[in-house]
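**Student:** Here it is, the structure, as structure tokens.
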Amino acid sequence: MFKPQAMDKIELIIPEHEVVRTTEALAASGIFHHTPATQTTLGATPRGGDVWQTWTTDLVAIERRILLVMEELKIDEGAPPTAPLHIIEPRVAERDIERLEHEAETPIRELEAARRRLTQLQKYIGQLTPIADLDVDLGTLRDLRYTFVMLGSMPAANIERLESSLEHIPFVLVTLRHEEHLATVMLFGLQQDAAVLNRAARSAYLNPLVMPEDYRGTPAQAIAALQAGIERTQEHIVEYEREIAHLHEMRIRHLRQLLWRVRASHALAHTIAGYDHLQHTYLVTGWVPAAAHTRLEQEIAKVSDAVVIETLEPRQEDIGHIPASLKNPPVFSGFQGLVTTYGQPNYDELDPTPIMALTFPLIFGLMFGDVGHGLLLLLAGLLLAGRKTKAMQSAAGFGVVVALCGASAMFFGALYGSIFGFEDVLRAVWFRPLEEITEVLLFAIVVGAVLISAGILYNIVNAALGRRWGYLLFNRNGLAGLVFYWALLGIGAGAFGAPIPIPGSVFAVLAIISGIGLTFAEFFERLVEHHRPLFEEDVGTYVALAFFELFETLISLFSNTLSYVRMGAFAVAHGALSLVVFIIAEVIGARGSVGYWIVVILGNLFVIGFEGMIVGIQTLRLEYYELFSKFFTGGGTPYQPLSLIPKVGKLNASENTGG
Amino acid sequence: MGHSGVTAYAQVNATTRALYATLLTPEVWRALIQTPDFDALLVQLEKTAYGPYLKLDRQMLTPRRTVYQLRRYLAQGYEKLIRLTPEPGCQLLMQLWQLYEVDNLKATLRGVETNASWDEVRRLLSPMPRHITLTNDDIQRMLASGSIVRAIERTRHTPYYETLTLAVARYETEKNLFPLEVALDLDYRRGLWQGIHNLKGADYEQALRLVGTSIDVDNLLWAVRYRVYHRLSVQEIINYTLAFGYQVRDADIRAIAEGEDIITVIKRIYPRLEALEDIPAQTREEVSPQRRQLALIERALHRYIIKLCRGAFLGDPFHIGVQLAYLMLLEYELRDLTVIVEAKASRLPVERLASMLAVEWW
């Protein structure tokens with residue numbers, strides 16, 4: 001739990017004809033972390049086999065086509081399948097999607113055409129309605145001998161321009177109807193100017209009303225016929241929609257399965273394209289947890305006995321790149337998330353998740369001590385962690401964090417004797433922060449000193465794991481730093497009259513010895529770790545800088561410790577904020593009145609939401625900046641077992657990358 | 001300019017001036033033009049502000065890809081200045097940026113009509129990583145739709161849908177993209193004009209002078225092209241051009257549409273326009289040399305805009321004009337760089353290349 005799992009580096013030599021089955025088995029095992037190698041032991045270079053590159057490109061295009069059909073049939077992607085998927089070749093997938101496209105094409109196109117027709121017919125009615133009372137055959141208007149008449153619709157913004165363009169020609173433009181962007185107009189002119197008028201009208205985007213044969217006659221007759229046409233079209237639309245719904249039902253499983261198979265095949269092709277390739281063999285390098293090494297060999301042996309698996313000794317260049325597989329209990333997943341937000345632990349360092357799981361609720365509770373507020377947080381956290389609703393499933397890990405913080409707040413609330421801000425209901429088991437401000441601030445400093453010491457101890461263990469003995473002994477966050485810090489604390493405590501059984505002179509000697517170690521830490525580290533030269537610059541400069549280093553260490557330890565005072569300050573602030581709520585409540589109404597209780601309830605909700613958030617942020621800040629900075633470097637490689645099921649969304653949509 | 005203008009524009013002006021200093025110098029232009037071939041051109045370009053965008057595998061840097069990479073610099077410039085410029089000036093920059101989206105939309109519609117694949121179309125698009133309504137996903141869906149009408153349906157969520165819907169009837173009867181493209185161009189300029197009028201004070205004046213002149217020039221050149229190349233009627237030319245402008249009036253467009261001498265009209269609008277006098281007499285006769293005449297007019301007008309843009313960096317700097325001027329200058333720089341890239345790729349002689357550039361940068 002404290003250290004990432006031990007990993008073995010392995011290399012698989014896979015005959016060309018076994019590469020698909022082996023890759024599928026590697027993915028199905030769920031334990032193999034693939035490292036796209038740049039240079040293997042045998043000197044091969046990544047070749048990105050052309051066939052597999054072509055597969056990836058083709059499969060991206062096919063996925064797009066599948067998604068289009070699914071969108072048209074109103075089928076969503078569904079959840080990623082849990083069972084291993086069968087790989088599908090691009091040509092097979094293409095044949096399949098072609099058939100599905102063909103099947104869906106007719107009803108979809110017909111539906112779109114019917115919808116367009118419906119819009120068109122409605123537009124015709126809109127255009128004819130203003131002249132519905134005109135008892136003239138529309139055909140007659142078109143064939144007048146001396147007069148040019150054009151009824152149609154045009155963008156309203158173009159009317160003025162059309163009039164301006166016809167400045168030198170006799171014409172009349174009547175706007176019959178004006179909608180937001182569209183106007184229905186009638187253009188009159190001389191038949192002898194028909195050519196000019198037609199070109200002008202067309203260039204102004206005046207679309208003449210040219211109705212199909214069925215809708216001729218007087219405007220009133222045409223409108224009646226159009227309405228009948230609309231009814232027929234609407235019936236057709238219903239039919240096509242029914243047909244599409246039928247297709248939806250019939251093809252939903254098929255399309256989803258095809259989609260995920262294509263995605264899995266893309267992942268497979270993409271993975272293989274990253275393998276090293278010799279003439280007829282693929283070389284695959286990666287990592288597997290040492291405990292699962294044998295299982296992986298067995299899984300591979302089941303699919304092929306021609307694959308050779310070799311265990312390699314990690315090389316110098318692997319250091320820092322070995323994937324770190326964190327093995328924390330599921331209940332810690334929220335804390336692990338907070339840790340990886342700061343940085344990914346390295347393979348050879350301690351995982352800070354356990355210490356965070358312990359200290360985060362402790363710090364939060366100390367600042368937010370209230371039985372009632374803690375209880376509400378606990379319930380909210382349990383609700384989130386319970387995965388009761390789909391929307392909350394992704395926040396389940398965070399729910400545990402909230403619940404533990406709530407429990408800790410309840411614990412400290414009992415110590416402080418505070419419930420929903422009431423300080424006179426419960427008896428304080430320990431003390432009330434508002435009444436004992438000095439005590440609470442001193443307690444916060446003591447907790448801070450313990451946490452800083454824990455951070456330094458973590459760092460000492462990390463250094464021991466990395467066999468950096470010089471660093472372990474002399475670094476400011478190593479043994480010398482810890483002794484120096486404790487000696488200073490001892491001297492400080494003695495100066496304030498704390499009963500300490502060790503004489504002050506012992507602390508003074510320890511402080512001097514460790515101080516010398518810290519001052520010349522770089523020199524001692526180099527000496528112990530056999531690095532040469534011992535001084536990077538001249539000795540005079542080094543000594544001058546070294547004293548500043550010591551001074552900086554002193555200041556930094558002091559400020560780090562004082563930083564934790566905020567825990568006490570927030571504990572006081574929590575009580576003070578609650579007090580303010582009660583003062584306001586008593587201003588609004590007498591104690592026990594409705595107004596009083598409304599303010600108390602709203603005030604408590606405000607305290608939980610607003611102060612809870614601030615305390616949460618402060619806790620995170622103390623963890624990240626005061627604690628983690630002592631021992632955690634981050635920058636590790638996360639352990640990501642090979643998988644053929646993409647975790648999110650579409651395949652990489654190709655960018656418009658130019659030529 | 002009040003205190004607010006100074007504080008609002010202080011940071012963005014410092015940034016713009018720093019960017020302005022990275023525009024290519026006359027020495028660099030000379031060196032680029034004199035390069036013997038495309039490879040040497042790339043080497044020269046790598047030494048400029050465009051260098052980081054050209055750090056790709058040499059095999060990938062085809063002329064088309066090179067132009068695309070150069071245009072990424074423009075995209076980054078827009079992104080930076082849009083982020084830093086205060087409202088409402090920022091809105092105008094976004095509208096100016098939208099021009100590239102309109103161009104991408106037109107390229108997509110051409111792709112739909114010719115049944116081109118995404119691979120073919122994406123080579124023609126301007127890189128637009130942010131501040132867009134038409135994503136690559138939309139473009140791919142449009143291409144997959146198989147028809148212009150269905151493709152337009154897939155722009156429903158964009159500001160272009162209304163315009164395209166009003167013009168699509170013309171496309172359906174004529175099977176020609178011209179009406180759609182003209183409608184998009186006109187609508188875009190109308191929006192831009194409105195955007196200028198949403199500004200106040202020095203911002204308004206500067207935007208009107210720079211962007212208004214750019215709209216004027218587009219309008220004039222459309223009128224000239226419709227008359228010279230498309231041989232459209234007076235009414236068509238008027239309907240396919242804008243009724244408004246900064247210095248170009250409706251009467252000027254009408255005069256061009258009705259056949260008045262183009263140079264005379266332009267000289268009336270811009271009496272102090274340089275280089276118009278240089279246009280050889282024979283090209284002023286309206287027959288075969290019209291294309292050359294048009295090219296010369298275009299050059300003269302573009303030089304005029306460039307001069308205006310450079311002028312924006314003098315005097316009171318706390319207005320949107322500085323940002324507009326830089327972005328417009330960068331666009332001109334890129335246009336001529338594109339010419340050089342294509343010329344070097346096709347091994348055009350240096351003398352011919354120099355005559356093809358819009359501006360004598362050196």
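Scheme for the structure tokens: letters A, B, ... for chains in order shown; per-chain residue numbers from 1; ligand numbers from 1 in order shown.
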Give the helix (DSSP H, G or I) residues of segment 175-334 of chain B, as assigned by DSSP on the backbone, as number ranges by chain.
**Tutor:** B: 178-197, 201-228, 234-239, 250-257, 262-269, 276-278, 281-284, 290-311, 321-334
**Student:** Counting only C-alpha atoms, which residues of chain B come no farther than 9 Å from chain A, as a VMD selection string?
**Tutor:** chain B and resid 60 to 69 118 to 128 136 to 137 140 to 141 144 150 162 to 163 166 to 167 169 to 170 179 183 233 to 243 254
**Student:** Compile the contact shell of Val322 of chain B as an NGL selection string: residues with an atom at most 8 Å away, counting only C-alpha atoms, same-chain residues fewer than 6 positions apart removed.
**Tutor:** :B and (13 or 16 or 309 or 312-313)
**Student:** Keeping only all heavy atoms, write the selected residues as a compact mmCIF listing (two decimals), in the first residue's frame.
**Tutor:**
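After the write, result.txt holds the following:
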```
# COMPACT_ATOMS: atom_id res chain seq x y z
N ASN B 13 -1.76 46.59 -26.33
CA ASN B 13 -0.93 47.38 -27.24
C ASN B 13 0.53 46.98 -27.16
O ASN B 13 1.22 46.92 -28.17
CB ASN B 13 -1.09 48.87 -26.93
CG ASN B 13 -2.19 49.47 -27.76
OD1 ASN B 13 -2.73 48.78 -28.64
ND2 ASN B 13 -2.54 50.70 -27.52
N THR B 16 0.75 43.85 -29.08
CA THR B 16 0.61 44.06 -30.53
C THR B 16 1.88 44.68 -31.12
O THR B 16 2.32 44.29 -32.19
CB THR B 16 -0.60 44.97 -30.82
OG1 THR B 16 -1.70 44.51 -30.05
CG2 THR B 16 -0.97 44.93 -32.28
N CYS B 309 -2.81 50.97 -42.56
CA CYS B 309 -2.51 50.11 -41.41
C CYS B 309 -1.24 50.56 -40.72
O CYS B 309 -1.17 50.63 -39.49
CB CYS B 309 -2.37 48.65 -41.83
SG CYS B 309 -3.92 47.93 -42.32
N ALA B 312 -1.69 53.50 -38.53
CA ALA B 312 -2.39 53.29 -37.25
C ALA B 312 -1.42 53.16 -36.09
O ALA B 312 -1.82 53.32 -34.94
CB ALA B 312 -3.26 52.04 -37.35
N PHE B 313 -0.18 52.86 -36.40
CA PHE B 313 0.81 52.70 -35.32
C PHE B 313 1.43 54.04 -34.91
O PHE B 313 2.26 54.09 -34.01
CB PHE B 313 1.92 51.72 -35.74
CG PHE B 313 1.45 50.29 -35.70
CD1 PHE B 313 0.79 49.73 -36.78
CD2 PHE B 313 1.61 49.52 -34.56
CE1 PHE B 313 0.33 48.44 -36.74
CE2 PHE B 313 1.15 48.22 -34.51
CZ PHE B 313 0.51 47.67 -35.60
```
**Student:** Figure out the distance between atom CA of Asn104 of chain B and atom CA of Pro86 of chain B, please, to one decimal in Å.
**Tutor:**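 If I compute the distance from atom CA of Pro86 of chain B to atom CA of Asn104 of chain B, I get 27.0 Å.
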**Student:** Restricting the calculation to only C-alpha atoms, which member of A:Glu313, A:Glu231, A:Asp50, A:Glu11 is positioned closest to Glu297 of chain A?
**Tutor:**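 Closest candidate: A:Glu11.
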**Student:** Grab the atom CA of Gly481 of chain A to atom CA of Gly448 of chain A distance for me, in Å with one decimal place.
**Tutor:**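 Result for atom CA of Gly481 of chain A versus atom CA of Gly448 of chain A: 15.7 Å, one decimal.
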**Student:** For segment 566-574 of chain A, find every residue with an atom within 9 Å (counting only C-alpha atoms), except residues of its own chain fewer than 4 positions away, and show them as number ranges by chain.
**Tutor:** A: 363-370, 421, 432-445, 448, 562, 578-579, 607, 611, 615, 618-619
**Student:** Find the residue from A:Thr175, A:Ser563, A:Ser643, A:Thr147 that sits nearest to Gln191 of chain A; use only C-alpha atoms when measuring.
**Tutor:** A:Thr147
**Student:** Near Gln336 of chain A, counting only C-alpha atoms, which residues have an atom at most 10 Å away, once you skip same-chain residues fewer than 4 positions from it, shown as an MDAnalysis selection string?
**Tutor:** chainID A and resid 326:332 340:342 344 351:354 356:357 397:398
**Student:** What is the distance between atom CA of Ala487 of chain A and atom CA of Leu518 of chain A, in Å to one decimal?
**Tutor:**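 About the pair atom CA of Ala487 of chain A and atom CA of Leu518 of chain A: they are 13.3 Å apart.
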**Student:** Can you list, as a ChimeraX atom specification, every protein, DNA or RNA residue that comes within 8 Å of segment 20-22 of chain B when you count only C-alpha atoms, leaving out same-chain residues fewer than 4 positions away?
**Tutor:** /B:16,48-49,326
**Student:** Taking 5 positions as the minimum chain separation for residues in the same chain, which residues sit within 12 Å of segment 25-36 of chain B when counting only C-alpha atoms? Answer as a ChimeraX atom specification.
**Tutor:** /B:20,41-49,333-334,336-357,359-362
